[in-house]
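*Asks:* Input file: upload-v6.tsv. Contents: TSV, C-alpha atoms (C1' of nucleotides).
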```tsv
chain	number	residue	atom	x	y	z
S	159	MET	CA	-23.61	-132.50	-86.37
S	160	SER	CA	-21.46	-135.24	-84.94
S	161	GLU	CA	-19.50	-134.60	-81.80
S	162	ALA	CA	-16.00	-133.24	-82.07
S	163	GLN	CA	-13.45	-136.01	-82.32
S	164	ILE	CA	-10.76	-133.81	-81.02
S	165	ALA	CA	-10.40	-130.28	-79.69
S	166	PHE	CA	-7.64	-128.15	-81.18
S	167	SER	CA	-7.69	-125.31	-78.67
S	168	LYS	CA	-4.30	-126.08	-77.17
S	169	PHE	CA	-2.57	-126.28	-80.56
S	170	ASP	CA	-1.11	-123.59	-82.78
S	171	PHE	CA	-3.33	-124.13	-85.81
S	172	ASP	CA	-4.74	-122.02	-88.62
S	173	PRO	CA	-7.05	-124.09	-90.83
S	174	SER	CA	-7.10	-121.64	-93.72
S	175	LEU	CA	-3.31	-121.35	-93.94
S	176	THR	CA	-2.76	-125.08	-93.48
S	177	LEU	CA	-5.47	-126.51	-95.71
S	178	ASP	CA	-4.96	-124.00	-98.53
S	179	SER	CA	-1.17	-124.09	-98.46
S	180	GLY	CA	-0.59	-126.13	-101.59
S	181	GLN	CA	0.57	-129.21	-99.66
S	182	VAL	CA	-2.90	-130.81	-99.92
S	183	PHE	CA	-5.68	-130.54	-102.49
S	184	ARG	CA	-8.74	-132.12	-100.88
S	185	TRP	CA	-10.08	-129.33	-98.68
S	186	SER	CA	-12.67	-126.66	-99.41
S	187	ALA	CA	-13.78	-123.68	-97.39
S	188	LEU	CA	-17.46	-123.89	-96.43
S	189	ASP	CA	-18.01	-120.13	-96.59
S	190	GLU	CA	-16.40	-116.79	-97.37
S	191	SER	CA	-14.94	-116.40	-93.91
S	192	ARG	CA	-12.75	-119.45	-94.52
S	193	ARG	CA	-13.14	-120.47	-90.92
S	194	GLU	CA	-14.79	-123.82	-91.63
S	195	TRP	CA	-13.30	-126.39	-93.93
S	196	ILE	CA	-14.45	-129.74	-95.23
S	197	GLY	CA	-12.20	-132.41	-96.63
S	198	VAL	CA	-11.37	-136.05	-97.04
S	199	VAL	CA	-8.80	-137.74	-94.83
S	200	ARG	CA	-8.29	-141.34	-95.89
S	201	GLN	CA	-11.76	-142.96	-95.66
S	202	ASN	CA	-13.35	-140.13	-93.70
S	203	LEU	CA	-15.01	-136.82	-94.34
S	204	LEU	CA	-14.05	-134.18	-91.78
S	205	ARG	CA	-15.26	-130.72	-90.92
S	206	VAL	CA	-12.48	-128.68	-89.39
S	207	THR	CA	-12.32	-125.34	-87.63
S	208	LYS	CA	-9.66	-123.70	-85.50
S	209	GLU	CA	-11.43	-125.24	-82.52
S	210	GLY	CA	-11.57	-128.86	-83.60
S	211	ALA	CA	-12.44	-131.61	-86.06
S	212	PHE	CA	-15.83	-133.26	-86.55
S	213	VAL	CA	-16.38	-136.48	-88.41
S	214	VAL	CA	-19.22	-135.88	-90.87
S	215	GLY	CA	-18.85	-139.01	-92.96
S	216	GLY	CA	-17.18	-142.37	-93.27
S	217	SER	CA	-16.00	-144.54	-90.44
S	218	ASN	CA	-15.09	-143.25	-87.03
S	219	PRO	CA	-11.38	-142.50	-86.97
S	220	ASP	CA	-9.61	-142.45	-83.63
S	221	SER	CA	-8.36	-139.11	-82.46
S	222	GLU	CA	-4.77	-140.29	-82.89
S	223	LEU	CA	-5.23	-140.38	-86.65
S	224	ILE	CA	-6.40	-136.78	-86.65
S	225	GLN	CA	-3.66	-135.67	-84.24
S	226	SER	CA	-1.12	-137.31	-86.46
S	227	TYR	CA	-2.62	-135.86	-89.66
S	228	PHE	CA	-2.14	-132.34	-88.33
S	229	SER	CA	1.23	-133.17	-86.74
S	230	PHE	CA	0.02	-131.92	-83.38
S	231	ASP	CA	2.81	-133.95	-81.81
S	232	GLU	CA	5.22	-131.26	-83.02
S	233	ASP	CA	5.58	-127.82	-81.48
S	234	LEU	CA	6.08	-125.08	-84.07
S	235	ASP	CA	8.05	-122.76	-81.78
S	236	SER	CA	10.46	-125.56	-80.92
S	237	ILE	CA	10.96	-126.30	-84.60
S	238	PHE	CA	11.60	-122.67	-85.46
S	239	SER	CA	14.09	-122.48	-82.61
S	240	THR	CA	16.26	-125.04	-84.45
S	241	PHE	CA	16.73	-122.69	-87.44
S	242	PRO	CA	19.73	-120.38	-87.68
S	243	PRO	CA	18.95	-116.66	-87.31
S	244	ASP	CA	17.04	-115.74	-90.46
S	245	GLU	CA	15.04	-112.57	-91.03
S	246	ILE	CA	13.07	-113.94	-93.96
S	247	LEU	CA	11.96	-117.04	-92.11
S	248	GLU	CA	11.21	-115.04	-88.99
S	249	SER	CA	8.96	-112.78	-91.05
S	250	ALA	CA	7.25	-115.80	-92.63
S	251	LYS	CA	6.68	-117.26	-89.17
S	252	LEU	CA	4.99	-114.08	-87.98
S	253	GLN	CA	2.80	-113.80	-91.08
S	254	LEU	CA	1.85	-117.46	-91.15
S	255	ARG	CA	1.27	-118.37	-87.53
S	256	GLY	CA	-0.55	-121.71	-87.27
S	257	LEU	CA	0.56	-123.09	-90.63
S	258	ARG	CA	1.24	-126.78	-90.05
S	259	LEU	CA	2.83	-129.60	-91.98
S	260	LEU	CA	0.37	-132.44	-92.59
S	261	ARG	CA	0.86	-136.20	-92.57
S	262	GLN	CA	-1.23	-137.22	-95.55
S	263	ASP	CA	-1.77	-140.65	-96.95
S	264	PRO	CA	1.45	-141.28	-98.93
S	265	TRP	CA	-0.24	-143.00	-101.86
S	266	GLU	CA	-2.72	-140.19	-102.36
S	267	CYS	CA	0.02	-137.61	-101.89
S	268	LEU	CA	2.29	-139.25	-104.46
S	269	ILE	CA	-0.42	-139.38	-107.12
S	270	SER	CA	-1.55	-135.85	-106.25
S	271	PHE	CA	1.89	-134.47	-107.00
S	272	VAL	CA	2.15	-136.50	-110.18
S	273	CYS	CA	-1.09	-134.73	-111.11
S	274	SER	CA	0.60	-131.43	-110.26
S	275	ILE	CA	3.14	-131.77	-113.08
S	276	ASN	CA	2.88	-128.64	-115.26
S	277	CYS	CA	-0.50	-127.71	-113.75
S	278	ASN	CA	-1.96	-124.96	-111.63
S	279	ILE	CA	-3.69	-125.65	-108.33
S	280	PRO	CA	-7.34	-125.57	-109.55
S	281	SER	CA	-6.38	-128.00	-112.27
S	282	ILE	CA	-4.64	-130.34	-109.82
S	283	ARG	CA	-7.73	-130.33	-107.61
S	284	LEU	CA	-9.92	-131.15	-110.57
S	285	LYS	CA	-7.82	-134.17	-111.51
S	286	ILE	CA	-7.84	-135.56	-107.96
S	287	GLU	CA	-11.57	-134.97	-107.63
S	288	ASN	CA	-12.22	-136.70	-110.95
S	289	LEU	CA	-10.11	-139.71	-109.97
S	290	SER	CA	-11.89	-139.99	-106.63
S	291	ARG	CA	-15.37	-139.72	-108.16
S	292	ARG	CA	-14.68	-142.27	-110.83
S	293	PHE	CA	-12.57	-144.80	-108.93
S	294	GLY	CA	-12.83	-144.04	-105.20
S	295	ARG	CA	-15.21	-145.47	-102.67
S	296	LYS	CA	-18.19	-143.30	-101.82
S	297	ILE	CA	-18.19	-141.89	-98.29
S	298	ASP	CA	-21.53	-142.02	-96.50
S	299	THR	CA	-22.49	-138.67	-95.08
S	300	SER	CA	-25.61	-136.97	-93.83
S	301	LEU	CA	-24.54	-133.73	-95.50
S	302	ASP	CA	-25.96	-132.71	-98.82
S	303	LEU	CA	-22.84	-133.36	-100.84
S	304	ARG	CA	-20.93	-136.09	-102.55
S	305	ALA	CA	-17.58	-137.24	-101.22
S	306	ASN	CA	-15.32	-140.07	-102.29
S	307	ALA	CA	-12.20	-141.50	-100.78
S	308	PHE	CA	-9.09	-141.44	-102.92
S	309	PRO	CA	-8.98	-144.60	-105.08
S	310	SER	CA	-6.74	-147.53	-104.18
S	311	ALA	CA	-3.61	-148.40	-106.12
S	312	GLU	CA	-5.35	-151.57	-107.28
S	313	SER	CA	-8.24	-149.68	-108.84
S	314	LEU	CA	-5.96	-147.23	-110.66
S	315	ALA	CA	-3.70	-150.08	-111.78
S	316	LYS	CA	-6.72	-151.64	-113.49
S	317	ALA	CA	-8.01	-148.37	-114.96
S	318	SER	CA	-8.00	-147.98	-118.73
S	319	LYS	CA	-6.27	-145.19	-120.62
S	320	ARG	CA	-9.68	-144.01	-121.72
S	321	ASP	CA	-10.96	-143.73	-118.14
S	322	LEU	CA	-7.83	-142.00	-116.90
S	323	LEU	CA	-8.04	-139.50	-119.75
S	324	ALA	CA	-11.68	-138.93	-118.86
S	325	CYS	CA	-10.38	-137.74	-115.48
S	326	LYS	CA	-8.49	-135.01	-117.38
S	327	LEU	CA	-5.09	-136.42	-116.48
S	328	GLY	CA	-3.70	-135.64	-119.93
S	329	PHE	CA	-0.22	-137.03	-120.55
S	330	ARG	CA	0.08	-137.85	-116.82
S	331	TRP	CA	-2.24	-140.84	-117.23
S	332	LYS	CA	0.64	-143.14	-118.09
S	333	TYR	CA	2.63	-142.04	-115.06
S	334	VAL	CA	-0.35	-142.64	-112.76
S	335	LYS	CA	-1.02	-146.05	-114.23
S	336	PHE	CA	2.62	-147.08	-114.08
S	337	ILE	CA	3.02	-146.04	-110.43
S	338	ALA	CA	-0.31	-147.61	-109.48
S	339	ARG	CA	0.79	-150.93	-110.96
S	340	LYS	CA	4.07	-150.74	-109.13
S	341	VAL	CA	2.35	-150.11	-105.80
S	342	ALA	CA	-0.39	-152.69	-106.42
S	343	ALA	CA	2.25	-155.30	-107.28
S	344	GLY	CA	4.07	-154.62	-104.03
S	345	ASN	CA	7.16	-153.25	-105.75
S	346	LEU	CA	6.81	-149.93	-103.98
S	347	ASP	CA	5.76	-150.16	-100.33
S	348	LEU	CA	4.99	-146.58	-99.30
S	349	GLU	CA	3.99	-147.38	-95.72
S	350	ARG	CA	7.32	-149.08	-95.16
S	351	LEU	CA	9.11	-145.87	-96.11
S	352	THR	CA	7.72	-144.30	-92.93
S	353	SER	CA	10.55	-145.92	-91.02
S	354	VAL	CA	13.20	-145.44	-93.72
S	355	PRO	CA	15.56	-142.43	-93.46
S	356	TYR	CA	15.18	-139.60	-95.98
S	357	TYR	CA	18.25	-140.33	-98.07
S	358	ASP	CA	17.28	-144.00	-98.48
S	359	ALA	CA	13.59	-143.32	-99.12
S	360	PHE	CA	14.23	-140.69	-101.82
S	361	PRO	CA	15.70	-143.02	-104.48
S	362	GLU	CA	13.02	-145.63	-103.80
S	363	LEU	CA	10.35	-143.12	-104.75
S	364	ILE	CA	11.97	-142.09	-108.02
S	365	SER	CA	10.29	-144.54	-110.35
S	366	GLU	CA	12.38	-146.10	-113.09
S	367	VAL	CA	11.79	-147.98	-116.31
S	368	SER	CA	14.86	-149.83	-117.57
S	369	GLY	CA	17.23	-147.46	-115.84
S	370	LYS	CA	15.43	-144.27	-116.85
S	371	THR	CA	13.22	-142.24	-114.54
S	372	PHE	CA	9.54	-142.23	-115.35
S	373	GLY	CA	6.86	-140.04	-113.83
S	374	VAL	CA	8.29	-139.35	-110.40
S	375	GLY	CA	11.18	-136.91	-110.47
S	376	PRO	CA	12.98	-135.26	-107.54
S	377	LYS	CA	10.31	-132.61	-106.91
S	378	VAL	CA	7.38	-135.06	-106.73
S	379	ALA	CA	9.47	-137.43	-104.60
S	380	ASP	CA	10.37	-134.67	-102.15
S	381	CYS	CA	6.77	-133.46	-101.89
S	382	THR	CA	5.63	-136.98	-101.05
S	383	LEU	CA	8.43	-137.45	-98.53
S	384	LEU	CA	7.64	-134.15	-96.82
S	385	TYR	CA	3.85	-133.83	-96.98
S	386	SER	CA	2.95	-137.44	-96.24
S	387	LEU	CA	5.89	-139.45	-94.90
S	388	HIS	CA	7.02	-136.51	-92.78
S	389	LYS	CA	10.67	-136.61	-93.79
S	390	THR	CA	11.25	-133.08	-92.56
S	391	GLU	CA	14.71	-132.98	-94.17
S	392	ALA	CA	13.05	-132.97	-97.60
S	393	PHE	CA	13.21	-129.56	-99.30
S	394	PRO	CA	11.13	-129.66	-102.52
S	395	ILE	CA	12.30	-127.16	-105.15
S	396	ASP	CA	9.66	-125.78	-107.47
S	397	VAL	CA	9.44	-122.56	-109.48
S	398	TRP	CA	8.12	-120.61	-106.48
S	399	ILE	CA	10.82	-121.77	-104.12
S	400	LEU	CA	13.43	-121.13	-106.78
S	401	ARG	CA	12.15	-117.56	-107.13
S	402	CYS	CA	12.23	-117.20	-103.37
S	403	LEU	CA	15.77	-118.53	-103.07
S	404	ARG	CA	16.95	-116.24	-105.88
S	405	LYS	CA	15.36	-113.27	-104.19
S	406	TYR	CA	16.48	-113.89	-100.62
S	407	TYR	CA	19.25	-116.49	-100.68
S	408	GLY	CA	20.85	-115.66	-104.03
S	409	LYS	CA	24.39	-116.54	-103.00
S	410	GLU	CA	23.46	-120.18	-102.50
S	411	ILE	CA	22.03	-120.66	-105.98
S	412	PRO	CA	24.48	-121.71	-108.67
S	413	ASP	CA	24.38	-119.80	-112.02
S	414	ASN	CA	21.78	-117.47	-110.70
S	415	ASN	CA	20.41	-116.35	-114.04
S	416	SER	CA	19.36	-119.69	-115.53
S	417	GLU	CA	15.68	-120.58	-115.27
S	418	SER	CA	16.16	-124.29	-115.81
S	419	LEU	CA	16.59	-126.75	-112.97
S	420	THR	CA	18.68	-129.75	-113.99
S	421	PRO	CA	18.73	-132.80	-111.71
S	422	LYS	CA	22.23	-131.99	-110.53
S	423	LYS	CA	21.27	-128.43	-109.74
S	424	TYR	CA	18.15	-129.66	-107.93
S	425	PHE	CA	20.28	-131.71	-105.54
S	426	THR	CA	22.86	-128.97	-105.13
S	427	VAL	CA	20.24	-126.40	-104.16
S	428	SER	CA	18.17	-128.79	-102.07
S	429	ASP	CA	21.21	-130.05	-100.16
S	430	SER	CA	22.40	-126.54	-99.60
S	431	MET	CA	19.05	-125.66	-97.99
S	432	ARG	CA	19.18	-128.83	-95.91
S	433	ARG	CA	22.56	-127.79	-94.58
S	434	ARG	CA	21.32	-124.29	-93.89
S	435	PHE	CA	18.05	-125.18	-92.14
S	436	GLY	CA	18.86	-128.64	-90.75
S	437	LYS	CA	16.55	-131.48	-89.78
S	438	TYR	CA	13.40	-129.36	-90.19
S	439	ALA	CA	14.32	-127.81	-93.55
S	440	GLY	CA	10.95	-128.98	-94.90
S	441	TYR	CA	9.10	-126.69	-92.49
S	442	ALA	CA	11.19	-123.81	-93.78
S	443	GLN	CA	10.25	-124.80	-97.33
S	444	LEU	CA	6.53	-124.81	-96.52
S	445	TYR	CA	6.65	-121.39	-94.89
S	446	LEU	CA	8.75	-119.88	-97.69
S	447	TYR	CA	6.47	-121.38	-100.34
S	448	VAL	CA	3.27	-120.05	-98.78
S	449	MET	CA	4.88	-116.67	-98.22
S	450	MET	CA	5.93	-116.43	-101.88
S	451	ARG	CA	2.47	-117.40	-103.10
S	452	GLY	CA	0.99	-114.77	-100.82
S	453	GLU	CA	3.40	-112.08	-102.04
S	454	SER	CA	2.49	-112.69	-105.66
S	455	ASN	CA	-1.20	-112.88	-104.72
S	456	HIS	CA	-1.53	-115.60	-107.26
S	457	SER	CA	-2.71	-118.51	-105.13
S	458	MET	CA	-5.72	-120.47	-106.36
F	295	DT	C1'	-7.06	-116.91	-129.72
F	296	DC	C1'	-3.18	-117.36	-127.06
F	297	DC	C1'	-0.71	-118.20	-122.86
F	298	DC	C1'	0.37	-120.35	-118.71
F	299	DA	C1'	0.68	-123.79	-115.07
F	300	DG	C1'	4.00	-126.88	-107.45
F	301	DG	C1'	7.74	-130.92	-113.67
F	302	DT	C1'	9.42	-134.53	-116.32
F	303	DC	C1'	10.91	-136.59	-120.54
F	304	DC	C1'	13.38	-136.53	-124.82
F	305	DT	C1'	16.76	-135.02	-127.99
F	306	DA	C1'	20.83	-132.89	-129.54
F	307	DC	C1'	25.00	-131.00	-128.18
Y	199	DG	C1'	25.94	-133.05	-117.67
Y	200	DT	C1'	23.14	-129.23	-119.93
Y	201	DA	C1'	19.84	-126.48	-122.50
Y	202	DG	C1'	15.63	-126.17	-125.01
Y	203	DG	C1'	11.37	-127.89	-126.52
Y	204	DA	C1'	7.18	-130.86	-126.13
Y	205	DC	C1'	3.56	-132.34	-123.42
Y	206	DC	C1'	-2.77	-132.75	-122.23
Y	207	DT	C1'	-5.97	-129.49	-120.85
Y	208	DG	C1'	-8.75	-126.02	-118.11
Y	209	DG	C1'	-8.93	-121.40	-117.06
Y	210	DG	C1'	-7.47	-116.48	-117.44
```
Would you mind writing the file's structure down as structure tokens?
*Replies:*
Amino acid sequence: MSEAQIAFSKFDFDPSLTLDSGQVFRWSALDESRREWIGVVRQNLLRVTKEGAFVVGGSNPDSELIQSYFSFDEDLDSIFSTFPPDEILESAKLQLRGLRLLRQDPWECLISFVCSINCNIPSIRLKIENLSRRFGRKIDTSLDLRANAFPSAESLAKASKRDLLACKLGFRWKYVKFIARKVAAGNLDLERLTSVPYYDAFPELISEVSGKTFGVGPKVADCTLLYSLHKTEAFPIDVWILRCLRKYYGKEIPDNNSESLTPKKYFTVSDSMRRRFGKYAGYAQLYLYVMMRGESNHSM
DNA sequence: TCCCAGGTCCTAC
DNA sequence: GTAGGACCTGGG
């Protein structure tokens, strides 16, 4: 095994909770104990435990990249101390100690959540794996397994409908291709959004064709902003969070009995949660989401 | 065989 | 603005 790039001992970190939280789809547990995980981070293959990360394939990333990926620059207790008194969140914090928000590659994250549209988690993973195997660069590793980096925007922009369908993208193929072309052409600069405030970055991510949105709606945009660009004000609303809010924060949800989530309602609910939880609302979202999945025992 | 899934688009009001 | 249906496809 390679030497540890970075030791995690001084950080509040639970690999199982973090890497199987639904914010990322490229990690697998190496055994039943779920203590060791293997996954792709940009061009590298990493083995991760509670104690540290080991590079087992690809180039040699500096430890800053890994620190940043796990957001070790942020202290979870300090973040929770910014929330208003909240029994539900306090309970989630106790249950989910060591769950961290990641800083993924924004391009991969965006396409991953496009792949998530009307899909369950195993199916999302399959799509991302298929795309990587077919279009991504192979990662050299001494381990007895195959690993590929996530494909570039250029390679997906050039991909044919036939090839994208072969990756089991279904109707999402046209969204992926459209967004890939936009990024490859330089009309959407995701890295630049790192330094752009949440409210300005959000509309830039919503892709449009002649005035109409196409492929990236508010949920996918918010997931990308939160899980990769680290806009912690983002509060993605999906069916699980909606169920959670109805159950615990019912008063803040307009027309509480309707299942549908119109764009206007999305912003109303999301903004209301941003006002409630503040600058780190996205951390609250992550904890509430994982708690809800755990309650229903329906994850994976 | 049928039903559902970390949404989004389209159409008809 | 809003509700309701369609959408590819793998897995229960």
*Asks:* Using only C-alpha atoms (C1' of nucleotides) and a distance of at most 9 Å, pull out the residues of chain Y that contact chain S, as a PyMOL selection string.
*Replies:* chain Y and resi 199-201+205-209
*Asks:* Could you please determine the separation between atom CA of Phe271 of chain S and atom CA of Asn218 of chain S in Å, to one decimal place?
*Replies:* 27.6 Å
*Asks:* Please report the interatomic distance between atom CA of Arg320 of chain S and atom CA of Leu303 of chain S in Å with one decimal.
*Replies:*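 Going from atom CA of Arg320 of chain S over to atom CA of Leu303 of chain S, I get 26.9 Å.
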*Asks:* Can you work out which residues from chain F touch chain S at a cut-off of 10 Å (counting all atoms listed in the file) and hand them back as a VMD selection string?
*Replies:* chain F and resid 298 to 303
*Asks:* With C-alpha atoms (C1' of nucleotides) retained, could you export that selection as a PDB file, in the frame of the given file?
*Replies:*
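Generated file (out_32.pdb):
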```pdb
ATOM      1  C1'  DC F 298       0.370-120.350-118.710  1.00  0.00           C
ATOM      2  C1'  DA F 299       0.680-123.790-115.070  1.00  0.00           C
ATOM      3  C1'  DG F 300       4.000-126.880-107.450  1.00  0.00           C
ATOM      4  C1'  DG F 301       7.740-130.920-113.670  1.00  0.00           C
ATOM      5  C1'  DT F 302       9.420-134.530-116.320  1.00  0.00           C
ATOM      6  C1'  DC F 303      10.910-136.590-120.540  1.00  0.00           C
TER       7       DC F 303
END
```
*Asks:* Report the distance between atom CA of Asp170 of chain S and atom CA of Gly452 of chain S in Å, rounded to one decimal place.
*Replies:*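 Distance reported for this atom pair: 20.2 Å.
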